>>> print(open('input_7.cif').read())   # mmCIF, C-alpha atoms
data_data
loop_
_atom_site.label_atom_id
_atom_site.label_comp_id
_atom_site.auth_asym_id
_atom_site.auth_seq_id
_atom_site.Cartn_x
_atom_site.Cartn_y
_atom_site.Cartn_z
CA MET A 1 -38.43 -14.01 -36.34
CA PRO A 2 -39.38 -17.28 -34.60
CA LYS A 3 -42.96 -18.48 -35.02
CA VAL A 4 -44.93 -21.62 -34.27
CA GLU A 5 -48.08 -22.79 -36.02
CA THR A 6 -51.01 -23.77 -33.85
CA ASN A 7 -54.78 -23.79 -34.29
CA GLY A 8 -54.39 -22.72 -37.91
CA ILE A 9 -52.39 -19.55 -37.15
CA ARG A 10 -48.77 -18.56 -36.64
CA LEU A 11 -47.75 -17.13 -33.29
CA HIS A 12 -44.63 -15.00 -32.94
CA TYR A 13 -42.56 -15.49 -29.79
CA LEU A 14 -39.16 -14.65 -28.30
CA GLN A 15 -37.32 -16.81 -25.80
CA VAL A 16 -34.35 -15.77 -23.63
CA GLY A 17 -32.64 -16.75 -20.40
CA GLN A 18 -31.99 -19.97 -18.53
CA GLY A 19 -33.80 -21.69 -15.69
CA PRO A 20 -37.40 -22.68 -14.95
CA ASP A 21 -39.80 -21.89 -17.79
CA VAL A 22 -41.88 -18.72 -17.53
CA ILE A 23 -44.42 -17.70 -20.19
CA LEU A 24 -45.39 -14.02 -20.53
CA LEU A 25 -48.77 -12.89 -21.89
CA HIS A 26 -49.40 -9.22 -22.72
CA GLY A 27 -52.72 -7.36 -22.72
CA LEU A 28 -55.24 -6.26 -25.34
CA GLY A 29 -53.72 -3.99 -27.96
CA GLY A 30 -50.14 -4.61 -26.80
CA ASN A 31 -47.41 -6.99 -27.87
CA LEU A 32 -44.52 -8.92 -26.37
CA ALA A 33 -42.30 -5.81 -26.37
CA ILE A 34 -43.83 -4.69 -23.05
CA TRP A 35 -41.84 -7.41 -21.30
CA PHE A 36 -38.55 -6.59 -23.05
CA LEU A 37 -38.54 -2.92 -22.12
CA TYR A 38 -37.68 -3.71 -18.49
CA LEU A 39 -38.73 -6.98 -16.87
CA VAL A 40 -36.96 -9.49 -19.08
CA ASP A 41 -33.53 -8.06 -18.27
CA GLN A 42 -34.30 -8.31 -14.57
CA LEU A 43 -35.52 -11.91 -14.69
CA ARG A 44 -33.56 -13.62 -17.48
CA SER A 45 -30.70 -14.73 -15.19
CA SER A 46 -33.12 -16.83 -13.14
CA PHE A 47 -35.65 -18.09 -15.72
CA ARG A 48 -36.09 -19.13 -19.32
CA LEU A 49 -38.63 -16.55 -20.46
CA THR A 50 -40.95 -17.09 -23.41
CA ALA A 51 -42.93 -14.02 -24.47
CA VAL A 52 -45.60 -14.43 -27.13
CA ASP A 53 -47.59 -12.06 -29.33
CA LEU A 54 -51.25 -13.03 -28.84
CA ARG A 55 -53.23 -13.76 -31.97
CA GLY A 56 -54.05 -10.52 -33.74
CA HIS A 57 -51.17 -8.71 -32.02
CA GLY A 58 -47.57 -7.88 -32.83
CA LYS A 59 -46.14 -10.18 -35.48
CA SER A 60 -48.63 -13.01 -34.95
CA ASP A 61 -51.39 -13.72 -37.46
CA MET A 62 -54.65 -11.75 -37.24
CA PRO A 63 -57.56 -14.10 -38.03
CA PRO A 64 -61.07 -12.58 -38.07
CA THR A 65 -62.29 -14.59 -35.04
CA GLY A 66 -61.06 -16.57 -32.06
CA TYR A 67 -60.33 -13.93 -29.43
CA THR A 68 -62.06 -15.27 -26.33
CA THR A 69 -59.96 -16.33 -23.37
CA ALA A 70 -60.85 -19.94 -24.22
CA ASP A 71 -59.49 -19.50 -27.76
CA MET A 72 -56.35 -17.84 -26.47
CA ALA A 73 -55.84 -20.56 -23.86
CA LYS A 74 -55.95 -23.11 -26.68
CA ASP A 75 -53.31 -21.07 -28.52
CA LEU A 76 -51.12 -21.12 -25.42
CA ALA A 77 -51.41 -24.89 -25.11
CA GLY A 78 -50.37 -25.22 -28.75
CA LEU A 79 -47.41 -22.90 -28.24
CA MET A 80 -46.20 -24.92 -25.27
CA ASP A 81 -46.58 -28.16 -27.20
CA ALA A 82 -44.64 -26.78 -30.16
CA LEU A 83 -41.83 -25.52 -27.91
CA GLU A 84 -41.85 -28.75 -25.86
CA ILE A 85 -42.66 -26.97 -22.61
CA PRO A 86 -44.73 -29.44 -20.57
CA ARG A 87 -45.16 -27.14 -17.57
CA ALA A 88 -44.33 -23.51 -16.77
CA HIS A 89 -44.95 -20.54 -14.55
CA ILE A 90 -47.49 -18.32 -16.34
CA ILE A 91 -47.47 -14.51 -16.03
CA GLY A 92 -50.18 -12.40 -17.63
CA HIS A 93 -51.01 -8.71 -17.65
CA SER A 94 -54.56 -7.36 -18.11
CA PHE A 95 -56.26 -9.46 -20.83
CA GLY A 96 -53.19 -11.68 -20.78
CA ALA A 97 -53.91 -12.32 -17.09
CA ASP A 98 -57.46 -13.34 -17.99
CA ILE A 99 -56.01 -15.81 -20.50
CA ALA A 100 -53.58 -17.11 -17.88
CA LEU A 101 -56.47 -17.75 -15.47
CA HIS A 102 -58.48 -19.58 -18.14
CA PHE A 103 -55.49 -21.68 -19.17
CA THR A 104 -54.95 -22.67 -15.53
CA ILE A 105 -58.58 -23.75 -15.23
CA LEU A 106 -58.27 -25.90 -18.35
CA HIS A 107 -54.73 -27.22 -17.77
CA PRO A 108 -53.83 -26.99 -14.06
CA GLU A 109 -51.23 -29.72 -14.48
CA ARG A 110 -49.29 -27.53 -16.93
CA VAL A 111 -49.07 -24.51 -14.61
CA ASP A 112 -46.54 -24.42 -11.81
CA ARG A 113 -47.20 -20.97 -10.33
CA LEU A 114 -49.54 -18.35 -11.71
CA VAL A 115 -49.04 -14.58 -11.67
CA VAL A 116 -51.91 -12.31 -12.70
CA LEU A 117 -51.30 -8.57 -13.04
CA GLU A 118 -54.47 -6.49 -13.28
CA PRO A 119 -56.92 -9.01 -14.81
CA GLY A 120 -60.36 -7.64 -15.63
CA ILE A 121 -62.33 -10.92 -15.99
CA ALA A 122 -65.39 -11.01 -18.25
CA ALA A 123 -67.50 -12.70 -15.55
CA LEU A 124 -67.23 -9.48 -13.53
CA LEU A 125 -68.00 -7.26 -16.50
CA GLN A 126 -71.28 -6.02 -15.00
CA HIS A 127 -69.22 -3.88 -12.61
CA ARG A 128 -67.68 -2.10 -15.60
CA LYS A 129 -70.87 -1.70 -17.61
CA THR A 130 -72.44 0.93 -15.39
CA GLU A 131 -71.79 4.65 -15.65
CA LYS A 132 -70.45 4.52 -12.07
CA TRP A 133 -67.36 2.53 -13.07
CA VAL A 134 -64.27 4.62 -12.22
CA GLY A 135 -62.54 3.43 -15.38
CA TRP A 136 -64.64 5.69 -17.59
CA ASP A 137 -63.40 8.86 -15.87
CA TYR A 138 -59.85 7.50 -15.77
CA TRP A 139 -59.92 6.83 -19.52
CA VAL A 140 -61.46 10.18 -20.43
CA ASP A 141 -59.05 12.06 -18.16
CA LYS A 142 -56.06 10.22 -19.61
CA LEU A 143 -57.13 11.18 -23.15
CA ALA A 144 -57.66 14.78 -22.02
CA GLU A 145 -54.04 14.93 -20.84
CA PHE A 146 -53.08 14.71 -24.50
CA GLY A 147 -55.67 17.15 -25.79
CA ILE A 148 -58.21 14.54 -26.86
CA ARG A 149 -61.72 15.62 -25.88
CA VAL A 150 -64.32 12.87 -25.57
CA PRO A 151 -67.89 13.99 -26.40
CA PRO A 152 -70.28 13.24 -23.51
CA GLU A 153 -72.27 10.79 -25.64
CA LYS A 154 -69.08 8.74 -26.28
CA LYS A 155 -67.85 8.55 -22.69
CA TYR A 156 -69.14 5.01 -22.21
CA ASP A 157 -68.37 3.72 -25.72
CA ILE A 158 -65.47 1.27 -25.37
CA ASP A 159 -64.90 0.95 -29.12
CA TYR A 160 -64.68 4.73 -29.50
CA LEU A 161 -62.32 5.10 -26.54
CA LEU A 162 -60.04 2.33 -27.79
CA ARG A 163 -59.79 4.08 -31.14
CA GLN A 164 -58.83 7.34 -29.48
CA THR A 165 -55.94 5.75 -27.64
CA VAL A 166 -53.99 5.44 -30.89
CA HIS A 167 -53.52 9.23 -30.73
CA ILE A 168 -51.72 9.08 -27.35
CA PRO A 169 -47.92 9.18 -27.70
CA ILE A 170 -45.84 6.20 -26.58
CA HIS A 171 -45.44 6.29 -22.78
CA PHE A 172 -42.51 4.00 -22.06
CA GLY A 173 -39.15 2.87 -23.39
CA PRO A 174 -36.71 4.45 -25.85
CA ALA A 175 -39.56 5.63 -28.11
CA LYS A 176 -41.26 7.57 -25.30
CA GLY A 177 -43.03 10.66 -26.61
CA ARG A 178 -43.14 9.51 -30.22
CA PRO A 179 -46.46 9.01 -32.08
CA ARG A 180 -47.95 5.53 -32.08
CA ASN A 181 -48.52 3.52 -35.23
CA PRO A 182 -52.35 3.40 -35.26
CA LYS A 183 -52.69 0.67 -37.88
CA PRO A 184 -52.25 -2.49 -35.73
CA LEU A 185 -54.96 -1.56 -33.22
CA LEU A 186 -57.34 -0.15 -35.83
CA ASP A 187 -56.95 -3.29 -37.97
CA LEU A 188 -57.69 -5.40 -34.89
CA LEU A 189 -60.85 -3.40 -34.14
CA ASP A 190 -62.00 -3.18 -37.77
CA THR A 191 -61.36 -6.73 -38.98
CA THR A 192 -61.80 -9.01 -35.95
CA THR A 193 -64.31 -9.92 -33.25
CA ILE A 194 -61.98 -8.95 -30.41
CA VAL A 195 -64.23 -6.39 -28.68
CA ARG A 196 -67.15 -8.83 -28.59
CA ASP A 197 -64.93 -11.76 -27.65
CA TYR A 198 -63.24 -9.77 -24.87
CA GLU A 199 -66.62 -9.54 -23.14
CA ASP A 200 -67.43 -13.25 -23.60
CA VAL A 201 -67.17 -15.31 -20.40
CA ALA A 202 -66.42 -18.29 -22.68
CA GLY A 203 -66.73 -20.78 -19.83
CA MET A 204 -64.48 -18.93 -17.37
CA THR A 205 -67.15 -18.56 -14.71
CA LEU A 206 -66.49 -17.24 -11.22
CA ASP A 207 -66.92 -20.66 -9.65
CA LYS A 208 -64.26 -22.10 -11.96
CA ILE A 209 -61.88 -19.27 -11.14
CA GLU A 210 -62.50 -19.88 -7.45
CA GLY A 211 -61.59 -23.54 -7.97
CA ILE A 212 -58.01 -22.77 -9.04
CA GLN A 213 -55.62 -24.56 -6.68
CA ASN A 214 -52.32 -23.50 -8.25
CA PRO A 215 -50.32 -21.03 -6.10
CA THR A 216 -51.23 -17.60 -7.46
CA LEU A 217 -49.79 -14.12 -7.07
CA VAL A 218 -52.34 -11.34 -7.64
CA VAL A 219 -50.92 -7.84 -8.22
CA TYR A 220 -52.81 -4.58 -8.76
CA GLY A 221 -52.02 -0.90 -8.48
CA LYS A 222 -53.73 0.97 -5.66
CA LYS A 223 -55.04 3.46 -8.27
CA SER A 224 -56.24 0.71 -10.61
CA HIS A 225 -59.72 0.94 -12.09
CA PHE A 226 -60.09 -2.85 -11.69
CA LEU A 227 -60.07 -2.97 -7.90
CA VAL A 228 -63.47 -4.68 -7.78
CA THR A 229 -61.80 -7.63 -9.51
CA TYR A 230 -58.86 -7.43 -7.13
CA GLU A 231 -61.15 -7.64 -4.11
CA HIS A 232 -63.02 -10.59 -5.59
CA LEU A 233 -59.84 -12.56 -6.28
CA LYS A 234 -58.44 -11.69 -2.87
CA ALA A 235 -61.57 -13.04 -1.21
CA HIS A 236 -62.19 -16.10 -3.38
CA LEU A 237 -58.95 -17.54 -4.76
CA PRO A 238 -58.09 -20.26 -2.24
CA ARG A 239 -54.30 -20.28 -2.70
CA CYS A 240 -53.40 -16.72 -3.56
CA ARG A 241 -50.98 -14.13 -2.33
CA THR A 242 -52.06 -10.56 -3.05
CA VAL A 243 -50.07 -7.36 -3.48
CA LEU A 244 -51.46 -3.84 -3.84
CA ILE A 245 -48.86 -1.43 -5.22
CA PRO A 246 -49.01 2.13 -3.80
CA ASP A 247 -49.31 4.78 -6.54
CA GLY A 248 -49.64 2.02 -9.14
CA GLU A 249 -52.20 2.28 -11.93
CA HIS A 250 -52.94 -0.35 -14.59
CA TYR A 251 -49.58 -0.74 -16.35
CA GLY A 252 -47.45 -1.89 -13.44
CA PRO A 253 -44.87 -3.87 -15.45
CA LEU A 254 -44.02 -0.62 -17.23
CA GLU A 255 -44.78 1.93 -14.49
CA GLN A 256 -42.80 0.25 -11.68
CA PRO A 257 -40.82 -2.58 -13.29
CA ASP A 258 -38.22 -2.95 -10.53
CA LEU A 259 -40.83 -3.38 -7.85
CA HIS A 260 -42.81 -5.85 -9.96
CA ALA A 261 -39.68 -7.83 -10.81
CA ASP A 262 -38.89 -8.17 -7.11
CA HIS A 263 -42.38 -9.45 -6.31
CA LEU A 264 -42.35 -11.85 -9.25
CA ALA A 265 -38.91 -13.28 -8.49
CA ASN A 266 -39.66 -13.68 -4.77
CA PHE A 267 -42.89 -15.51 -5.54
CA LEU A 268 -41.55 -17.75 -8.31
CA LEU A 269 -38.26 -18.67 -6.64
CA SER A 270 -39.42 -19.16 -3.05
CA GLU A 271 -39.61 -22.73 -1.79
CA ASP A 272 -43.03 -21.99 -0.34
CA ALA A 273 -44.83 -19.69 -2.77
CA LEU A 274 -47.52 -18.77 -0.26
CA GLY A 275 -45.40 -18.80 2.86
CA LEU A 276 -43.90 -15.32 2.53
CA LEU A 277 -47.26 -13.70 3.09
CA PRO A 278 -50.45 -15.16 4.55
CA GLY A 279 -52.75 -16.45 1.81
CA GLY A 280 -55.40 -13.93 0.89
CA SER A 281 -53.66 -10.97 2.53
CA ASP A 282 -52.33 -7.96 0.75
CA LYS A 283 -49.14 -6.03 1.28
CA GLU A 284 -48.73 -2.42 0.29
CA GLN A 285 -45.10 -1.81 -0.56
CA ALA A 286 -43.54 1.53 -1.32
CA PRO A 287 -41.43 1.56 -4.48
CA SER A 288 -37.70 1.31 -4.02
CA LYS A 289 -35.56 4.28 -4.93
CA GLU A 290 -34.59 2.50 -8.14
CA ALA A 291 -38.23 1.78 -9.02
CA SER A 292 -39.22 5.38 -8.36
CA ASN A 293 -36.56 6.60 -10.77
CA GLY A 294 -37.22 3.92 -13.38
#
>>> encode(input="input_7.cif", output="structure tokens")
Amino acid sequence: MPKVETNGIRLHYLQVGQGPDVILLHGLGGNLAIWFLYLVDQLRSSFRLTAVDLRGHGKSDMPPTGYTTADMAKDLAGLMDALEIPRAHIIGHSFGADIALHFTILHPERVDRLVVLEPGIAALLQHRKTEKWVGWDYWVDKLAEFGIRVPPEKKYDIDYLLRQTVHIPIHFGPAKGRPRNPKPLLDLLDTTTIVRDYEDVAGMTLDKIEGIQNPTLVVYGKKSHFLVTYEHLKAHLPRCRTVLIPDGEHYGPLEQPDLHADHLANFLLSEDALGLLPGGSDKEQAPSKEASNG
């Protein structure tokens, strides 16, 4: 179980493949396994892939504090130093995409190409704080699919909703349909500052995001509840290529892995990262037959 020590904690990681370095960052409440269910097998022949458990997740240490994107970006820099990776492509999903953006702001020279899948971005949190945010209904409806009724007074309580997700069976992979282990997420919520830190801008302001010059691929599902963020990045990232996946929701790397792998490989391996599509434009692509069956 390989680990590196950085910033006073131990981070668990797995590294496979050969080629240009790619670092994979999962989202809040997940772990590095999300990449190994599908995407790693599709990309490992072209890249050396390093997937890491964020602090507080998976087999990494769970300190009581240090969960802002700035803290996590510092962890990533320490990981790269320990593994002697001076520069890499960075891929992040959800909160991991937020961390990838912040790391790129702080260390642009260490990022070759950046891929952000469904970032939320704390600086745009006001759009998700109102009762009109579509994510509340999405979350409540998803829980209802599994017989979990959310009382009306708890509909907008993020801590409550996160705790209820531990009762949803596993969605993807060989363990699909089996009960989740609730302890990791509940420990994270009960013993750390992650919910508060998740909402902390921590220096990643919109103007700094808009100053990113690294070639960036922005991918969201057309049914995502973070489309306000998608539209902002599409309009304001100066060197971005955007993709909107038909029928996609929030967990694209698991929902449509083949389609995502194709977009990622095309972007990372092309000589001109932004030449395949006009910068700032989006392309809606129907899933391949393989992706639809995946």
>>> resolve_selection(input="input_7.cif", expression="the PyMOL selection byres ((chain A and resi 252) around 9)", output="number ranges by chain")
A: 93, 117-118, 219-221, 245, 248-251, 253-257, 259-260
>>> residues_around(input="input_7.cif", residues="A:Arg113", least_positions_apart="5", cutoff="7 Å", atoms="all atoms listed in the file", output="MDAnalysis selection string")
chainID A and resid 89:90 214:216 268
>>> atom_distance(input="input_7.cif", atom1="atom CA of A:Leu39", atom2="atom CA of A:Leu274")
22.2 Å
>>> resolve_selection(input="input_7.cif", expression="the PyMOL selection byres ((chain A and resi 61) around 6)", output="ChimeraX atom specification")
/A:9-10,55-56,60,62
>>> closest_residue(input="input_7.cif", among="A:Pro119, A:Gly29, A:Gly92, A:Gly211", to="A:Ile105", atoms="all atoms listed in the file")
A:Gly211
>>> residues_around(input="input_7.cif", residues="A:Thr69", least_positions_apart="2", cutoff="7 Å", atoms="all atoms listed in the file", output="ChimeraX atom specification")
/A:67,71-73,98-99,102,202
>>> resolve_selection(input="input_7.cif", expression="the PyMOL selection byres ((chain A and resi 161) around 12)", output="JSON, numbers by chain")
{"A": [135, 136, 137, 138, 139, 140, 141, 142, 143, 144, 148, 149, 150, 151, 152, 153, 154, 155, 156, 157, 158, 159, 160, 162, 163, 164, 165, 166, 167, 168, 185, 186, 189, 195]}
>>> atom_distance(input="input_7.cif", atom1="atom CA of A:Tyr198", atom2="atom CA of A:Arg178")
28.4 Å
>>> closest_residue(input="input_7.cif", among="A:Ser270, A:Thr6, A:Thr65, A:Thr229", to="A:Leu125", atoms="only C-alpha atoms")
A:Thr229
>>> residues_around(input="input_7.cif", residues="A:Glu210", least_positions_apart="6", cutoff="9 Å", atoms="only C-alpha atoms", output="VMD selection string")
chain A and resid 233 236 to 238
>>> closest_residue(input="input_7.cif", among="A:Asp41, A:Asp247, A:Glu5, A:Asp53", to="A:Gly27", atoms="only C-alpha atoms")
A:Asp53
>>> residues_around(input="input_7.cif", residues="A:His12", least_positions_apart="2", cutoff="8 Å", atoms="all atoms listed in the file", output="list in words")
Met1, Pro2, Lys3, Val4, Arg10, Leu14, Val52, Asp53, Gly58, Lys59 and Ser60 of chain A
>>> atom_distance(input="input_7.cif", atom1="atom CA of A:Ile34", atom2="atom CA of A:Arg241")
23.9 Å
>>> closest_residue(input="input_7.cif", among="A:Thr68, A:Thr104, A:Thr191, A:Gln42", to="A:Val16", atoms="only C-alpha atoms")
A:Gln42
>>> closest_residue(input="input_7.cif", among="A:Leu244, A:Thr130, A:Leu49, A:Pro108", to="A:Lys208", atoms="only C-alpha atoms")
A:Pro108
